[in-house]
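First comes the structure, then the notes that go with it.
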Amino acid sequence: MRLLLAIAATLLTATAAAAQTIYPIDRADILAGARFDFKVEFADRIAPDKIEVTVNGIDHAAAFGKAASFIEREDGKDQSALILRDVALPKPGAYRIRATDGTNAREVTWNVYDTGPRQARNVILFIGDGLSPAHRIAARLLSKGMAEGKAFGKLAIDDMPHMALVATAGSDSIITDSANAASAFATGHKSAVNAMGVYADRSADPFDDPRVETISSLVKRRLGMAVGIVTNTEIEDATPAAMVAHTRRRATYDQIVEQFFAARPEVLMGGGAANFLPQGAAGSRRKDGADYIAKFRDAGYAVAATAAEMKSAAAGSNKLLGLFHTGNMDGALDRKFLQGGTVKKFPNQPDLTDQVAAALGVLSKNPQGFFLMVESGLIDKYTHALDMERAAYDTIMLDNAVKLARDWAAARGNDTLILVLADHNHPIGLIGTIDDDMTQAPKAPLRDRVGTYDRARFPNYPTPDKDGYPARVDVSRRLAIFSASSPDYYETFRPKLDAPNDPTVTGSAPGTFEANEKYRAMPGAMLRLGNLPKYMNSSVHSGEDVILTANGPGSERVRGQIDNTEVFRVMAEALGLGQAE
């Protein structure tokens, strides 16, 4: 009996290993009428007459209205494939897709859904990249203050009527990155780490993977709406790029810029000018001579490089390209208080709130409404670098931007769905305070300066300004926010006042990193051995659900626990994107 079971298990494993891969994947939820590429990958080289692919028992060519192209040897290997580009399923219902090569068969199911009538005129999607519960609490304590256990106010991102927990895993891993997380929001489909707007297939070309339509394309194609994409990172970075791009590799910045130009969002603002400038120009990182700033200008865009230019352009143009830095923009703490980072090199960068105000001014000119994605992206980058003060200040900035948008929507009669969430979590926790007078050398050993439970007490940051920012972070009792993941680094428990933290440098062995000696001589510094592989140079993401809060028409769908692909469905339902054309 045991022998028979073992043989059966071996046969099942062998069959599974040779089974076909089908895209879209099993249990995909697909918006009726949304476009996608259909692909079947066979494990071996197959004769075309042996292949049969059906949709609900009907030959795929009849079901989709055209036959798939056959690839006998994909990438020159003995592996065949079928690919069918740019198809759609207009009728809602359950679909069963079966693919066989005459020996092995695979079935997947899809749920195609439609929507009711349009409820919202506009949708604003706020993404705090890496925004974790500890960031929210830190921002609340800093911007509102607390006494006797009660905060003196609420954050705009928390004071919203609807809330849900959102699962973040990708198609290939329980841990997501910003590319596949933002892609899930933008398309309603799962993707893999580093991939956006596509199902990551086995081919080597990062641009031939099966595509899925983005919300930016859908709202333009079906409703004639305007599209805005705003960030304080490089505009080609994963989250903003995922709103329009289709690529297996998020690092393909030159091609992402080309896809932005092809998509023509009415508003495109952030850093990342380096990949718009032609090769040879000062600050350029392009590998060709294309000048995309000139291309956008020739296409009718007002182009802004400073906050003042942005404000002027927003008042008089229907299309705006704002590029305020060659790389990532500087965060709120550096721009407003420390003048650290690259602020002296780029002194006229706008605040995220100013970018949102400008975007609303341009986009609201479209009578059909708009979709706007706003990212506070440096929350993630600072947290990777264990720079918690800067991450907290950029969370406050995100909150101010949300408040601005909510006030704008309220003045219009609340015709706008506003969603606020993170793409993924970081494994950070607020565990107490750090008692340390930074005007003198530490008097206690490093660990003894951390106060927990009743010894934590309350931090003594100064009263925040009108925008919620305390003027100083180098106070004597500060928030203690630690990460559960880290490389080797020198811990000082003190904020970095000159520039963002840089915990590691390239190691002596190829592909490794080690603690940055820059911090070794700082008061009280101690070497902390990390718990991450040596190939990691920073803290990493974690897999917990993230928090989504929402208000406006259609926000009642935000409740309980949902998947990140359902965020797309909330927006699609609010805009009525799945109605019959």
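Residue numbers start at 1 in each chain; chains themselves are named A, B, ... in the order of the structure tokens; ligands are numbered from 1 in the order shown.
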Closest-contact table, region 293-378 of chain A side, partner region 408-413 of chain A, 12 Å, counting only C-alpha atoms, as JSON lines:
```
{"residue": "A:Val356", "atom": "CA", "partner": "A:Trp408", "partner_atom": "CA", "distance": 10.5}
{"residue": "A:Ala357", "atom": "CA", "partner": "A:Trp408", "partner_atom": "CA", "distance": 9.0}
{"residue": "A:Ala359", "atom": "CA", "partner": "A:Trp408", "partner_atom": "CA", "distance": 11.9}
{"residue": "A:Leu360", "atom": "CA", "partner": "A:Trp408", "partner_atom": "CA", "distance": 8.6}
{"residue": "A:Gly361", "atom": "CA", "partner": "A:Trp408", "partner_atom": "CA", "distance": 10.3}
{"residue": "A:Ser364", "atom": "CA", "partner": "A:Trp408", "partner_atom": "CA", "distance": 10.7}
```
Non-local contacts of region 279-292 of chain A (12 Å; only C-alpha atoms; under 3 positions in same chain excluded) as a PyMOL selection string
chain A and resi 252-262+264+272-276+295-299+301+303+321+323+325-327
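Residues in contact with His189 (chain A) at 6 Å, where only C-alpha atoms are counted and same-chain residues fewer than 2 positions away are skipped, are listed as Ala184, Thr187 and Thr565 of chain A.
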Write out the residues from the selection above, keeping N, CA and C atoms, as a CSV table (one decimal), in the first residue's frame.
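Saved to again31.csv:
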```csv
chain,number,residue,atom,x,y,z
A,184,ALA,N,-0.9,45.7,-8.3
A,184,ALA,CA,-2.2,45.1,-7.9
A,184,ALA,C,-3.3,46.1,-7.8
A,187,THR,N,-4.1,47.4,-11.5
A,187,THR,CA,-4.7,46.5,-12.5
A,187,THR,C,-5.7,45.5,-12.0
A,565,THR,N,-5.6,43.3,-4.6
A,565,THR,CA,-6.2,43.4,-5.9
A,565,THR,C,-7.6,44.0,-5.8
```
Write out as an MDAnalysis selection string the set of residues from region 113-292 of chain A that DSSP, computed on the backbone, places in strand (DSSP E).
chainID A and resid 113 122:128 146:147 150:151 162:167 226:234 267:271
Please determine, counting only C-alpha atoms, which residue among A:Ser538, A:Asn348, A:Ser555, A:Ser80 has the shortest atom-to-atom distance to Leu125 (chain A).
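Checking each candidate against Leu125 (chain A), we get A:Ser555 as the closest.
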Distance criterion (only C-alpha atoms): nearest to Lys50 (chain A) out of A:Gly507, A:Ala251, A:Thr512, A:Ala105
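Using only C-alpha atoms, Lys50 (chain A) sits closest to A:Ala105.
Within the 8 Å cut-off around region 166-176 of chain A, using only C-alpha atoms and omitting residues fewer than 2 positions from it on the same chain, the listed residues are Ala164, Ser178, Asn180, Ala181, Lys190, Ser191, Ala192, Val193, Asp423, His424, His541, Ser542, Gly543, Glu544, Asp545, Val546, Ile547, Leu548, Gln561, Ile562, Asp563 and Asn564 of chain A.
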Would you give me, as a CSV table (one decimal) with N, CA and C atoms, in the first residue's frame, the residues in region 297-373 of chain A that DSSP reads as alpha helix (DSSP H)?
```csv
chain,number,residue,atom,x,y,z
A,297,ARG,N,7.3,68.8,-23.8
A,297,ARG,CA,7.0,70.2,-24.0
A,297,ARG,C,6.4,70.4,-25.4
A,298,ASP,N,6.9,69.6,-26.4
A,298,ASP,CA,6.4,69.7,-27.7
A,298,ASP,C,5.0,69.1,-27.8
A,307,ALA,N,9.2,74.8,-7.4
A,307,ALA,CA,7.9,75.0,-6.9
A,307,ALA,C,7.2,76.2,-7.5
A,308,ALA,N,7.9,77.3,-7.7
A,308,ALA,CA,7.3,78.5,-8.3
A,308,ALA,C,6.9,78.2,-9.7
A,309,GLU,N,7.7,77.5,-10.5
A,309,GLU,CA,7.3,77.2,-11.9
A,309,GLU,C,6.1,76.3,-11.9
A,310,MET,N,6.0,75.4,-11.0
A,310,MET,CA,4.9,74.4,-10.9
A,310,MET,C,3.6,75.2,-10.6
A,311,LYS,N,3.6,76.1,-9.7
A,311,LYS,CA,2.4,76.9,-9.3
A,311,LYS,C,2.0,77.7,-10.5
A,312,SER,N,2.9,78.3,-11.2
A,312,SER,CA,2.5,79.2,-12.4
A,312,SER,C,2.0,78.3,-13.5
A,313,ALA,N,2.6,77.1,-13.7
A,313,ALA,CA,2.2,76.3,-14.8
A,313,ALA,C,0.8,75.7,-14.6
A,314,ALA,N,0.5,75.3,-13.3
A,314,ALA,CA,-0.8,74.7,-12.9
A,314,ALA,C,-1.9,75.7,-13.2
A,315,ALA,N,-1.7,77.0,-13.0
A,315,ALA,CA,-2.7,78.0,-13.2
A,315,ALA,C,-3.1,78.1,-14.7
A,316,GLY,N,-2.2,77.8,-15.6
A,316,GLY,CA,-2.5,78.2,-17.0
A,316,GLY,C,-2.4,77.0,-18.0
A,332,ALA,N,10.6,66.0,4.1
A,332,ALA,CA,10.1,67.2,4.8
A,332,ALA,C,11.1,67.7,5.9
A,333,LEU,N,11.7,66.7,6.6
A,333,LEU,CA,12.6,67.1,7.7
A,333,LEU,C,13.8,67.9,7.2
A,352,LEU,N,4.9,68.0,-0.9
A,352,LEU,CA,3.9,67.1,-1.5
A,352,LEU,C,2.5,67.8,-1.5
A,353,THR,N,2.2,68.6,-0.5
A,353,THR,CA,0.9,69.3,-0.4
A,353,THR,C,0.8,70.3,-1.6
A,354,ASP,N,1.9,71.0,-1.9
A,354,ASP,CA,1.9,71.9,-3.0
A,354,ASP,C,1.7,71.1,-4.3
A,355,GLN,N,2.3,70.0,-4.4
A,355,GLN,CA,2.2,69.2,-5.7
A,355,GLN,C,0.7,68.7,-5.8
A,356,VAL,N,0.1,68.3,-4.7
A,356,VAL,CA,-1.3,67.9,-4.8
A,356,VAL,C,-2.2,69.0,-5.2
A,357,ALA,N,-2.0,70.2,-4.6
A,357,ALA,CA,-2.8,71.4,-4.9
A,357,ALA,C,-2.7,71.7,-6.4
A,358,ALA,N,-1.4,71.7,-6.9
A,358,ALA,CA,-1.2,71.9,-8.4
A,358,ALA,C,-1.9,70.9,-9.2
A,359,ALA,N,-1.8,69.6,-8.8
A,359,ALA,CA,-2.4,68.6,-9.6
A,359,ALA,C,-3.9,68.7,-9.6
A,360,LEU,N,-4.5,69.0,-8.5
A,360,LEU,CA,-6.0,69.2,-8.5
A,360,LEU,C,-6.4,70.4,-9.4
A,361,GLY,N,-5.6,71.4,-9.4
A,361,GLY,CA,-5.9,72.6,-10.2
A,361,GLY,C,-5.9,72.2,-11.7
A,362,VAL,N,-5.0,71.4,-12.1
A,362,VAL,CA,-4.9,71.0,-13.5
A,362,VAL,C,-6.0,70.0,-13.9
A,363,LEU,N,-6.1,68.9,-13.0
A,363,LEU,CA,-7.0,67.8,-13.4
A,363,LEU,C,-8.4,68.2,-13.3
```
From the set A:Leu497, A:Val374, A:Ile215, A:Val55, which residue has the shortest atom-to-atom contact distance to Ala401 (chain A), counting only C-alpha atoms?
A:Val374
Hey, what's within 9 Å of Arg85 (chain A) if we count only C-alpha atoms and toss same-chain stuff fewer than 6 positions away? As an MDAnalysis selection string, please?
chainID A and resid 35:39 68:69 210:211
Filtering to N, CA and C atoms, could you give me those residues as an mmCIF file, in the first residue's frame?
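The new file again07.cif reads:
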```
data_model
loop_
_atom_site.group_PDB
_atom_site.id
_atom_site.type_symbol
_atom_site.label_atom_id
_atom_site.label_comp_id
_atom_site.auth_asym_id
_atom_site.auth_seq_id
_atom_site.Cartn_x
_atom_site.Cartn_y
_atom_site.Cartn_z
ATOM 1 N N ARG A 35 -8.702 45.004 -20.851
ATOM 2 C CA ARG A 35 -7.857 44.289 -21.795
ATOM 3 C C ARG A 35 -6.722 43.555 -21.090
ATOM 4 N N PHE A 36 -6.357 42.435 -21.649
ATOM 5 C CA PHE A 36 -5.244 41.665 -21.103
ATOM 6 C C PHE A 36 -4.675 40.770 -22.189
ATOM 7 N N ASP A 37 -3.470 40.256 -21.931
ATOM 8 C CA ASP A 37 -2.847 39.276 -22.814
ATOM 9 C C ASP A 37 -3.052 37.882 -22.238
ATOM 10 N N PHE A 38 -3.353 36.943 -23.093
ATOM 11 C CA PHE A 38 -3.569 35.548 -22.700
ATOM 12 C C PHE A 38 -2.381 34.723 -23.177
ATOM 13 N N LYS A 39 -1.816 33.939 -22.258
ATOM 14 C CA LYS A 39 -0.656 33.131 -22.635
ATOM 15 C C LYS A 39 -0.714 31.766 -21.979
ATOM 16 N N ALA A 68 -4.717 32.438 -30.986
ATOM 17 C CA ALA A 68 -3.424 32.778 -30.414
ATOM 18 C C ALA A 68 -2.296 32.453 -31.388
ATOM 19 N N SER A 69 -1.187 33.178 -31.245
ATOM 20 C CA SER A 69 0.007 32.890 -32.025
ATOM 21 C C SER A 69 0.779 31.751 -31.358
ATOM 22 N N PRO A 210 2.979 38.874 -20.505
ATOM 23 C CA PRO A 210 1.551 39.150 -20.713
ATOM 24 C C PRO A 210 1.087 40.394 -19.941
ATOM 25 N N ARG A 211 0.562 41.340 -20.682
ATOM 26 C CA ARG A 211 0.161 42.614 -20.084
ATOM 27 C C ARG A 211 -1.271 42.559 -19.556
#
```
Rank nothing, just name the residue among A:Gly228, A:Gly149, A:Pro92, A:Gly576 nearest to Val244 (chain A), using only C-alpha atoms.
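For Val244 (chain A), the nearest of the given residues is A:Gly228.
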I'd like the neighbourhood of Ala88 (chain A) as a VMD selection string, where a residue qualifies if any of its atoms comes within 12 Å (using only C-alpha atoms), though same-chain residues fewer than 5 positions away should be ignored.
chain A and resid 24 30 to 38 63 to 66 112 to 113 211 to 213 578
Shell around Lys150 (chain A) at 12 Å using only C-alpha atoms, local window under 6 positions removed, as an MDAnalysis selection string
chainID A and resid 140:141 144 458
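Pairwise distance (CA of Asn232 (chain A), CA of Gly128 (chain A)) equals 10.9 Å.
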A:Ala263, A:Leu218, A:Ala186, A:Met269 ranked by distance to Met243 (chain A), top pick (using only C-alpha atoms):
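Going through A:Ala263, A:Leu218, A:Ala186, A:Met269 one by one, the smallest distance to Met243 (chain A) is for A:Ala186.
Our summary of the geometry notes that CA of Gly429 (chain A) is positioned 27.5 Å from CA of Asn551 (chain A).
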